[in-house]
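Pasted below: my_file-v5.txt, compact mmCIF, N, CA and C atoms.
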# COMPACT_ATOMS: atom_id res chain seq x y z
N MET Q 1 261.00 -88.52 -23.59
CA MET Q 1 260.61 -87.67 -24.69
C MET Q 1 259.58 -86.68 -24.19
N GLY Q 2 259.74 -85.37 -24.47
CA GLY Q 2 258.84 -84.32 -23.99
C GLY Q 2 257.53 -84.29 -24.75
N ALA Q 3 256.57 -83.62 -24.18
CA ALA Q 3 255.26 -83.47 -24.81
C ALA Q 3 255.39 -82.58 -26.05
N ARG Q 4 254.60 -82.89 -27.06
CA ARG Q 4 254.64 -82.13 -28.30
C ARG Q 4 253.34 -81.37 -28.44
N THR Q 5 253.42 -80.10 -28.80
CA THR Q 5 252.24 -79.27 -29.00
C THR Q 5 251.86 -79.31 -30.47
N ILE Q 6 250.60 -79.57 -30.72
CA ILE Q 6 250.10 -79.57 -32.10
C ILE Q 6 249.22 -78.34 -32.25
N THR Q 7 249.53 -77.53 -33.25
CA THR Q 7 248.76 -76.31 -33.50
C THR Q 7 247.75 -76.58 -34.61
N ASP Q 8 246.50 -76.23 -34.35
CA ASP Q 8 245.45 -76.38 -35.35
C ASP Q 8 245.51 -75.17 -36.27
N THR Q 9 245.87 -75.40 -37.54
CA THR Q 9 246.00 -74.30 -38.50
C THR Q 9 244.78 -74.17 -39.40
N ARG Q 10 243.76 -74.98 -39.16
CA ARG Q 10 242.55 -74.85 -39.97
C ARG Q 10 241.88 -73.52 -39.69
N PRO Q 11 241.24 -72.90 -40.71
CA PRO Q 11 240.53 -71.65 -40.46
C PRO Q 11 239.41 -71.88 -39.45
N LYS Q 12 239.25 -70.94 -38.54
CA LYS Q 12 238.19 -71.03 -37.56
C LYS Q 12 236.87 -70.60 -38.20
N SER Q 13 235.78 -71.20 -37.77
CA SER Q 13 234.48 -70.81 -38.31
C SER Q 13 234.09 -69.44 -37.78
N ARG Q 14 233.19 -68.80 -38.48
CA ARG Q 14 232.70 -67.50 -38.07
C ARG Q 14 231.32 -67.68 -37.46
N THR Q 15 230.97 -66.79 -36.58
CA THR Q 15 229.71 -66.85 -35.87
C THR Q 15 228.91 -65.60 -36.19
N ARG Q 16 227.60 -65.76 -36.33
CA ARG Q 16 226.71 -64.60 -36.51
C ARG Q 16 226.05 -64.33 -35.16
N ILE Q 17 226.12 -63.09 -34.73
CA ILE Q 17 225.49 -62.72 -33.46
C ILE Q 17 224.63 -61.48 -33.65
N PRO Q 18 223.67 -61.24 -32.74
CA PRO Q 18 222.77 -60.10 -32.88
C PRO Q 18 223.51 -58.76 -32.77
N LEU Q 19 223.07 -57.77 -33.58
CA LEU Q 19 223.64 -56.43 -33.59
C LEU Q 19 222.51 -55.41 -33.50
N ILE Q 20 222.69 -54.42 -32.63
CA ILE Q 20 221.72 -53.33 -32.52
C ILE Q 20 222.47 -52.06 -32.14
N GLY Q 21 221.94 -50.92 -32.49
CA GLY Q 21 222.56 -49.63 -32.17
C GLY Q 21 222.45 -49.33 -30.68
N MET Q 22 223.47 -48.64 -30.14
CA MET Q 22 223.47 -48.28 -28.72
C MET Q 22 222.25 -47.43 -28.37
N ALA Q 23 221.87 -46.50 -29.26
CA ALA Q 23 220.73 -45.64 -28.98
C ALA Q 23 219.46 -46.47 -28.84
N GLN Q 24 219.30 -47.49 -29.68
CA GLN Q 24 218.14 -48.38 -29.61
C GLN Q 24 218.16 -49.25 -28.37
N ALA Q 25 219.35 -49.62 -27.92
CA ALA Q 25 219.49 -50.59 -26.83
C ALA Q 25 218.81 -50.14 -25.54
N GLY Q 26 218.67 -48.84 -25.35
CA GLY Q 26 218.02 -48.32 -24.16
C GLY Q 26 216.51 -48.44 -24.20
N GLY Q 27 215.95 -48.75 -25.39
CA GLY Q 27 214.50 -48.89 -25.53
C GLY Q 27 214.00 -50.19 -24.93
N GLN Q 28 212.72 -50.26 -24.75
CA GLN Q 28 212.09 -51.45 -24.18
C GLN Q 28 212.09 -52.60 -25.19
N GLY Q 29 212.25 -53.82 -24.70
CA GLY Q 29 212.07 -55.01 -25.51
C GLY Q 29 213.30 -55.56 -26.19
N PHE Q 30 214.45 -54.89 -26.08
CA PHE Q 30 215.64 -55.39 -26.75
C PHE Q 30 216.47 -56.33 -25.88
N PHE Q 31 216.26 -56.31 -24.56
CA PHE Q 31 216.95 -57.21 -23.64
C PHE Q 31 215.93 -57.82 -22.70
N ASP Q 32 216.17 -59.09 -22.33
CA ASP Q 32 215.31 -59.70 -21.32
C ASP Q 32 215.82 -59.29 -19.94
N ASP Q 33 215.18 -59.77 -18.89
CA ASP Q 33 215.55 -59.38 -17.52
C ASP Q 33 216.97 -59.77 -17.15
N GLY Q 34 217.52 -60.77 -17.81
CA GLY Q 34 218.89 -61.20 -17.53
C GLY Q 34 219.93 -60.46 -18.33
N GLY Q 35 219.49 -59.55 -19.22
CA GLY Q 35 220.43 -58.79 -20.03
C GLY Q 35 220.80 -59.46 -21.34
N TYR Q 36 220.03 -60.47 -21.76
CA TYR Q 36 220.30 -61.17 -23.01
C TYR Q 36 219.47 -60.57 -24.13
N PRO Q 37 219.98 -60.57 -25.38
CA PRO Q 37 219.22 -60.02 -26.49
C PRO Q 37 217.86 -60.70 -26.62
N ALA Q 38 216.83 -59.90 -26.88
CA ALA Q 38 215.48 -60.42 -27.01
C ALA Q 38 214.72 -59.55 -28.02
N GLY Q 39 213.61 -60.03 -28.48
CA GLY Q 39 212.74 -59.24 -29.33
C GLY Q 39 213.24 -59.09 -30.75
N ALA Q 40 212.49 -58.31 -31.51
CA ALA Q 40 212.79 -58.09 -32.93
C ALA Q 40 213.61 -56.81 -33.08
N GLY Q 41 214.09 -56.55 -34.26
CA GLY Q 41 214.82 -55.33 -34.54
C GLY Q 41 216.33 -55.48 -34.54
N TRP Q 42 216.81 -56.67 -34.23
CA TRP Q 42 218.25 -56.93 -34.24
C TRP Q 42 218.70 -57.27 -35.64
N ASP Q 43 219.85 -56.78 -36.04
CA ASP Q 43 220.51 -57.20 -37.27
C ASP Q 43 221.52 -58.27 -36.87
N GLU Q 44 222.45 -58.64 -37.74
CA GLU Q 44 223.48 -59.61 -37.38
C GLU Q 44 224.84 -59.13 -37.87
N VAL Q 45 225.87 -59.56 -37.17
CA VAL Q 45 227.24 -59.28 -37.56
C VAL Q 45 228.03 -60.58 -37.42
N GLU Q 46 229.03 -60.76 -38.30
CA GLU Q 46 229.88 -61.95 -38.20
C GLU Q 46 231.14 -61.59 -37.43
N LEU Q 47 231.62 -62.53 -36.64
CA LEU Q 47 232.87 -62.37 -35.92
C LEU Q 47 233.53 -63.72 -35.79
N PRO Q 48 234.80 -63.73 -35.44
CA PRO Q 48 235.44 -65.02 -35.19
C PRO Q 48 234.66 -65.78 -34.13
N ALA Q 49 234.68 -67.07 -34.20
CA ALA Q 49 233.87 -67.92 -33.31
C ALA Q 49 234.10 -67.59 -31.83
N THR Q 50 233.02 -67.65 -31.07
CA THR Q 50 233.07 -67.48 -29.62
C THR Q 50 232.30 -68.64 -29.00
N THR Q 51 232.65 -68.98 -27.79
CA THR Q 51 231.96 -70.08 -27.13
C THR Q 51 230.73 -69.62 -26.36
N ASP Q 52 230.51 -68.31 -26.27
CA ASP Q 52 229.36 -67.78 -25.55
C ASP Q 52 228.14 -67.73 -26.47
N PRO Q 53 227.15 -68.59 -26.25
CA PRO Q 53 225.97 -68.58 -27.13
C PRO Q 53 225.12 -67.33 -26.96
N ASN Q 54 225.37 -66.54 -25.92
CA ASN Q 54 224.59 -65.32 -25.68
C ASN Q 54 225.34 -64.05 -26.06
N ALA Q 55 226.49 -64.17 -26.73
CA ALA Q 55 227.24 -63.00 -27.17
C ALA Q 55 226.38 -62.18 -28.13
N TYR Q 56 226.60 -60.87 -28.11
CA TYR Q 56 225.85 -59.98 -29.01
C TYR Q 56 226.75 -58.81 -29.40
N ALA Q 57 226.32 -58.06 -30.40
CA ALA Q 57 227.08 -56.91 -30.87
C ALA Q 57 226.26 -55.64 -30.71
N LEU Q 58 226.96 -54.54 -30.47
CA LEU Q 58 226.34 -53.22 -30.41
C LEU Q 58 227.11 -52.29 -31.34
N SER Q 59 226.40 -51.40 -31.98
CA SER Q 59 227.01 -50.40 -32.83
C SER Q 59 227.18 -49.12 -32.00
N ILE Q 60 228.40 -48.59 -31.93
CA ILE Q 60 228.69 -47.43 -31.11
C ILE Q 60 228.05 -46.18 -31.69
N SER Q 61 227.43 -45.40 -30.82
CA SER Q 61 226.93 -44.07 -31.20
C SER Q 61 227.46 -43.08 -30.18
N GLY Q 62 227.75 -41.90 -30.62
CA GLY Q 62 228.29 -40.88 -29.73
C GLY Q 62 229.81 -40.95 -29.67
N ASP Q 63 230.39 -40.08 -28.84
CA ASP Q 63 231.85 -39.98 -28.80
C ASP Q 63 232.44 -40.20 -27.41
N SER Q 64 231.69 -40.77 -26.47
CA SER Q 64 232.22 -40.95 -25.12
C SER Q 64 233.31 -42.02 -25.05
N MET Q 65 233.44 -42.87 -26.07
CA MET Q 65 234.47 -43.90 -26.05
C MET Q 65 235.62 -43.60 -27.03
N GLU Q 66 235.60 -42.41 -27.65
CA GLU Q 66 236.73 -42.06 -28.52
C GLU Q 66 237.98 -41.82 -27.69
N PRO Q 67 239.14 -42.14 -28.16
CA PRO Q 67 239.45 -42.64 -29.48
C PRO Q 67 239.41 -44.17 -29.60
N ALA Q 68 239.12 -44.90 -28.53
CA ALA Q 68 239.11 -46.37 -28.60
C ALA Q 68 238.03 -46.87 -29.55
N TYR Q 69 236.82 -46.35 -29.41
CA TYR Q 69 235.70 -46.74 -30.28
C TYR Q 69 235.10 -45.47 -30.85
N ARG Q 70 234.86 -45.51 -32.16
CA ARG Q 70 234.28 -44.36 -32.84
C ARG Q 70 232.86 -44.67 -33.29
N GLU Q 71 232.12 -43.64 -33.58
CA GLU Q 71 230.76 -43.76 -34.10
C GLU Q 71 230.74 -44.79 -35.22
N GLY Q 72 229.85 -45.78 -35.11
CA GLY Q 72 229.70 -46.81 -36.14
C GLY Q 72 230.51 -48.07 -35.90
N ASP Q 73 231.51 -48.03 -35.02
CA ASP Q 73 232.26 -49.26 -34.70
C ASP Q 73 231.30 -50.26 -34.08
N ALA Q 74 231.53 -51.54 -34.34
CA ALA Q 74 230.74 -52.60 -33.70
C ALA Q 74 231.58 -53.22 -32.60
N ILE Q 75 230.96 -53.40 -31.43
CA ILE Q 75 231.63 -54.08 -30.34
C ILE Q 75 230.91 -55.40 -30.08
N ILE Q 76 231.68 -56.42 -29.71
CA ILE Q 76 231.11 -57.73 -29.39
C ILE Q 76 231.18 -57.87 -27.87
N VAL Q 77 230.05 -58.25 -27.29
CA VAL Q 77 229.89 -58.30 -25.85
C VAL Q 77 229.55 -59.72 -25.42
N SER Q 78 230.19 -60.20 -24.36
CA SER Q 78 229.96 -61.56 -23.87
C SER Q 78 229.42 -61.54 -22.45
N PRO Q 79 228.16 -61.91 -22.26
CA PRO Q 79 227.63 -62.02 -20.90
C PRO Q 79 228.37 -63.06 -20.05
N ALA Q 80 229.00 -64.05 -20.69
CA ALA Q 80 229.67 -65.13 -19.96
C ALA Q 80 231.09 -64.77 -19.53
N ALA Q 81 231.68 -63.75 -20.14
CA ALA Q 81 233.07 -63.40 -19.81
C ALA Q 81 233.14 -62.73 -18.44
N PRO Q 82 234.09 -63.13 -17.61
CA PRO Q 82 234.22 -62.49 -16.30
C PRO Q 82 234.58 -61.02 -16.47
N VAL Q 83 234.04 -60.17 -15.59
CA VAL Q 83 234.29 -58.73 -15.63
C VAL Q 83 235.22 -58.38 -14.48
N ARG Q 84 236.32 -57.70 -14.83
CA ARG Q 84 237.30 -57.28 -13.83
C ARG Q 84 237.52 -55.77 -13.93
N VAL Q 85 238.00 -55.17 -12.87
CA VAL Q 85 238.33 -53.75 -12.89
C VAL Q 85 239.32 -53.50 -14.03
N GLY Q 86 239.09 -52.45 -14.79
CA GLY Q 86 239.92 -52.12 -15.94
C GLY Q 86 239.36 -52.60 -17.25
N ASP Q 87 238.38 -53.51 -17.21
CA ASP Q 87 237.76 -54.02 -18.44
C ASP Q 87 236.85 -52.97 -19.06
N ARG Q 88 236.75 -53.03 -20.37
CA ARG Q 88 235.73 -52.25 -21.08
C ARG Q 88 234.46 -53.08 -21.02
N VAL Q 89 233.37 -52.42 -20.64
CA VAL Q 89 232.12 -53.13 -20.38
C VAL Q 89 230.93 -52.40 -21.01
N VAL Q 90 229.84 -53.13 -21.14
CA VAL Q 90 228.53 -52.55 -21.43
C VAL Q 90 227.70 -52.79 -20.19
N ALA Q 91 227.08 -51.73 -19.68
CA ALA Q 91 226.29 -51.84 -18.46
C ALA Q 91 224.91 -51.26 -18.70
N ARG Q 92 223.94 -51.82 -18.01
CA ARG Q 92 222.58 -51.27 -18.05
C ARG Q 92 222.22 -50.79 -16.65
N ALA Q 93 221.85 -49.51 -16.59
CA ALA Q 93 221.47 -48.90 -15.32
C ALA Q 93 219.98 -49.11 -15.07
N ALA Q 94 219.57 -48.95 -13.84
CA ALA Q 94 218.17 -49.14 -13.46
C ALA Q 94 217.24 -48.19 -14.22
N ASP Q 95 217.75 -47.02 -14.65
CA ASP Q 95 216.92 -46.08 -15.40
C ASP Q 95 216.78 -46.46 -16.86
N GLY Q 96 217.38 -47.58 -17.28
CA GLY Q 96 217.27 -48.07 -18.65
C GLY Q 96 218.43 -47.69 -19.55
N ALA Q 97 219.31 -46.81 -19.11
CA ALA Q 97 220.45 -46.40 -19.92
C ALA Q 97 221.40 -47.58 -20.12
N VAL Q 98 221.84 -47.78 -21.37
CA VAL Q 98 222.84 -48.78 -21.70
C VAL Q 98 224.07 -48.01 -22.16
N MET Q 99 225.21 -48.30 -21.55
CA MET Q 99 226.42 -47.53 -21.83
C MET Q 99 227.64 -48.41 -21.95
N ALA Q 100 228.57 -47.99 -22.80
CA ALA Q 100 229.87 -48.65 -22.94
C ALA Q 100 230.87 -47.80 -22.18
N LYS Q 101 231.53 -48.39 -21.19
CA LYS Q 101 232.45 -47.66 -20.32
C LYS Q 101 233.60 -48.56 -19.89
N ILE Q 102 234.46 -48.04 -19.05
CA ILE Q 102 235.53 -48.81 -18.43
C ILE Q 102 235.17 -48.97 -16.95
N LEU Q 103 235.23 -50.21 -16.46
CA LEU Q 103 234.96 -50.45 -15.05
C LEU Q 103 236.17 -49.99 -14.24
N ARG Q 104 236.02 -48.93 -13.47
CA ARG Q 104 237.11 -48.39 -12.68
C ARG Q 104 237.13 -48.93 -11.27
N ARG Q 105 235.97 -49.17 -10.68
CA ARG Q 105 235.93 -49.65 -9.30
C ARG Q 105 234.61 -50.38 -9.09
N ARG Q 106 234.68 -51.48 -8.35
CA ARG Q 106 233.47 -52.21 -8.00
C ARG Q 106 233.63 -52.75 -6.59
N THR Q 107 232.70 -52.35 -5.73
CA THR Q 107 232.65 -52.87 -4.37
C THR Q 107 231.25 -53.47 -4.18
N ALA Q 108 230.98 -53.96 -3.01
CA ALA Q 108 229.67 -54.52 -2.73
C ALA Q 108 228.57 -53.47 -2.83
N SER Q 109 228.93 -52.20 -2.65
CA SER Q 109 227.90 -51.16 -2.63
C SER Q 109 228.02 -50.13 -3.75
N ARG Q 110 229.17 -50.03 -4.44
CA ARG Q 110 229.38 -48.99 -5.46
C ARG Q 110 229.99 -49.56 -6.73
N ILE Q 111 229.63 -48.93 -7.84
CA ILE Q 111 230.25 -49.22 -9.13
C ILE Q 111 230.61 -47.89 -9.76
N GLU Q 112 231.87 -47.77 -10.21
CA GLU Q 112 232.34 -46.55 -10.86
C GLU Q 112 232.74 -46.89 -12.28
N LEU Q 113 232.18 -46.14 -13.23
CA LEU Q 113 232.43 -46.35 -14.65
C LEU Q 113 233.04 -45.09 -15.24
N GLU Q 114 234.00 -45.28 -16.12
CA GLU Q 114 234.72 -44.15 -16.73
C GLU Q 114 234.63 -44.24 -18.24
N SER Q 115 234.50 -43.09 -18.88
CA SER Q 115 234.56 -43.02 -20.34
C SER Q 115 236.01 -42.99 -20.77
N VAL Q 116 236.30 -43.53 -21.94
CA VAL Q 116 237.65 -43.43 -22.48
C VAL Q 116 237.96 -41.96 -22.78
N ASN Q 117 236.98 -41.25 -23.30
CA ASN Q 117 237.12 -39.84 -23.64
C ASN Q 117 237.10 -39.01 -22.36
N PRO Q 118 238.20 -38.31 -22.02
CA PRO Q 118 238.26 -37.56 -20.76
C PRO Q 118 237.29 -36.38 -20.70
N ALA Q 119 236.66 -36.04 -21.80
CA ALA Q 119 235.68 -34.94 -21.80
C ALA Q 119 234.38 -35.34 -21.10
N PHE Q 120 234.21 -36.62 -20.84
CA PHE Q 120 233.00 -37.11 -20.18
C PHE Q 120 233.31 -37.47 -18.74
N PRO Q 121 232.40 -37.15 -17.82
CA PRO Q 121 232.66 -37.40 -16.40
C PRO Q 121 232.58 -38.88 -16.04
N GLU Q 122 233.26 -39.24 -14.94
CA GLU Q 122 233.13 -40.58 -14.37
C GLU Q 122 231.72 -40.71 -13.80
N LEU Q 123 231.15 -41.89 -13.92
CA LEU Q 123 229.80 -42.14 -13.39
C LEU Q 123 229.91 -43.05 -12.18
N LYS Q 124 229.19 -42.69 -11.13
CA LYS Q 124 229.20 -43.49 -9.90
C LYS Q 124 227.77 -43.93 -9.61
N PHE Q 125 227.63 -45.23 -9.34
CA PHE Q 125 226.31 -45.82 -9.09
C PHE Q 125 226.33 -46.62 -7.81
N ALA Q 126 225.18 -46.70 -7.16
CA ALA Q 126 224.99 -47.72 -6.13
C ALA Q 126 225.00 -49.05 -6.88
N ALA Q 127 225.60 -50.08 -6.34
CA ALA Q 127 225.68 -51.37 -7.03
C ALA Q 127 224.31 -51.87 -7.47
N ALA Q 128 223.30 -51.63 -6.66
CA ALA Q 128 221.95 -52.07 -6.99
C ALA Q 128 221.36 -51.34 -8.20
N ASP Q 129 221.96 -50.20 -8.59
CA ASP Q 129 221.46 -49.43 -9.73
C ASP Q 129 222.04 -49.90 -11.06
N ILE Q 130 222.95 -50.86 -11.03
CA ILE Q 130 223.45 -51.47 -12.27
C ILE Q 130 222.78 -52.84 -12.38
N ILE Q 131 221.92 -52.99 -13.37
CA ILE Q 131 221.14 -54.22 -13.54
C ILE Q 131 222.02 -55.37 -14.02
N TRP Q 132 222.88 -55.08 -15.01
CA TRP Q 132 223.84 -56.06 -15.48
C TRP Q 132 225.03 -55.34 -16.10
N MET Q 133 226.15 -56.08 -16.19
CA MET Q 133 227.37 -55.56 -16.76
C MET Q 133 228.07 -56.70 -17.49
N HIS Q 134 228.34 -56.50 -18.79
CA HIS Q 134 228.97 -57.53 -19.61
C HIS Q 134 230.28 -56.98 -20.20
N ARG Q 135 231.25 -57.87 -20.38
CA ARG Q 135 232.56 -57.45 -20.88
C ARG Q 135 232.56 -57.38 -22.41
N ILE Q 136 233.21 -56.33 -22.92
CA ILE Q 136 233.45 -56.19 -24.36
C ILE Q 136 234.64 -57.09 -24.68
N ILE Q 137 234.44 -58.01 -25.63
CA ILE Q 137 235.50 -58.96 -25.94
C ILE Q 137 236.17 -58.72 -27.29
N TRP Q 138 235.57 -57.85 -28.12
CA TRP Q 138 236.10 -57.64 -29.47
C TRP Q 138 235.48 -56.37 -30.04
N ALA Q 139 236.19 -55.71 -30.92
CA ALA Q 139 235.66 -54.52 -31.59
C ALA Q 139 236.11 -54.50 -33.04
N SER Q 140 235.23 -54.04 -33.91
CA SER Q 140 235.60 -53.84 -35.31
C SER Q 140 236.04 -52.40 -35.46
N GLN Q 141 237.29 -52.20 -35.77
CA GLN Q 141 237.78 -50.83 -35.89
C GLN Q 141 238.59 -50.68 -37.15

Output the file's structure in the form of structure tokens.
Amino acid sequence: MGARTITDTRPKSRTRIPLIGMAQAGGQGFFDDGGYPAGAGWDEVELPATTDPNAYALSISGDSMEPAYREGDAIIVSPAAPVRVGDRVVARAADGAVMAKILRRRTASRIELESVNPAFPELKFAAADIIWMHRIIWASQ
């Protein structure tokens, strides 16, 4: 007799995670040295349950991610999710800038990030100039 798969049809619980605007995220005190949400000023957003206790949400500002993400969309970011080339990510540069981009290339010495909107140029960084990079796992659109 073959193995039988049982599907759990119970509703999944929802999780509340921290939410802050992208423009605010570049300010001091919103992230600790590891890139985790810290300090006051965060709101909350509900999303389907995630296993990452450090997941957080950001509210999109600007148009560099259009048409995928528009002004006001909320994105859910997971520091625990593995980041691969082609993933949409949130990265923090050494100059404090926090940006939502697509990881185009990553080597031991270089990181290349691309905007979804072709009107914005590709950004190239020395690997040491990217403090952290987390994968976007969900978006409210």

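Near range 31-46 of chain Q, within 6.5 Å and counting only N, CA and C atoms, sit Arg14, Thr15, Arg16, Ile17, Pro18, Leu19, Ile20, Asn54 and Trp132 of chain Q; same-chain residues fewer than 4 positions away were not included.
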
*Can you tell me, as a PyMOL selection string, what residues are no more than 8 Å from Pro82 in chain Q when counting all atoms listed in the file, ignoring any on the same chain fewer than 2 positions away?*
chain Q and resi 78-80+84-85+87+133-135

*Excluding Ala68 in chain Q and any residue of its chain fewer than 5 positions from it, enumerate the residues within 12 Å of it, using only C-alpha atoms, and give them as a list in words.*
Ile60, Asp63, Asp73, Ala74, Ile75, Arg88, Ala100, Lys101, Ile102, Ser115, Val116, Asn117, Pro118, Trp138, Ala139, Ser140 and Gln141 of chain Q

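Atom C of Arg110 in chain Q is positioned 16.6 Å from atom N of Gly96 in chain Q.
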
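Atom to atom, CA of Ala25 in chain Q and atom N of Arg70 in chain Q stand 17.0 Å apart.
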
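A straight line drawn from atom C of Arg92 in chain Q to atom N of Pro67 in chain Q is 22.2 Å long.
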
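The residue that comes closest to Ala127 in chain Q, out of Q:Thr51, Q:Gln28, Q:Thr107, Q:Ser64 and on the basis of all atoms listed in the file, is Q:Thr107.
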
_Just want the 9 Å neighbourhood of Ala97 in chain Q, counted on only C-alpha atoms, with same-chain residues fewer than 2 positions away dropped. Output as an MDAnalysis selection string._
chainID Q and resid 25:27 91:95 99

*Would you return as a ChimeraX atom specification the members of chain Q that DSSP assigns to alpha helix (DSSP H) on this structure's backbone?*
/Q:22-25

*chain Q: residues DSSP assigns to strand (DSSP E), reported as number ranges by chain*: Q: 14-21, 43-48, 56-59, 74-78, 88-93, 98-106, 110-114, 123-126, 130-140

*Between Q:Gly29, Q:Gly21, Q:Pro121, Q:Gly86, which is the closest to Ser61 in chain Q once you count only N, CA and C atoms?*
Q:Gly21
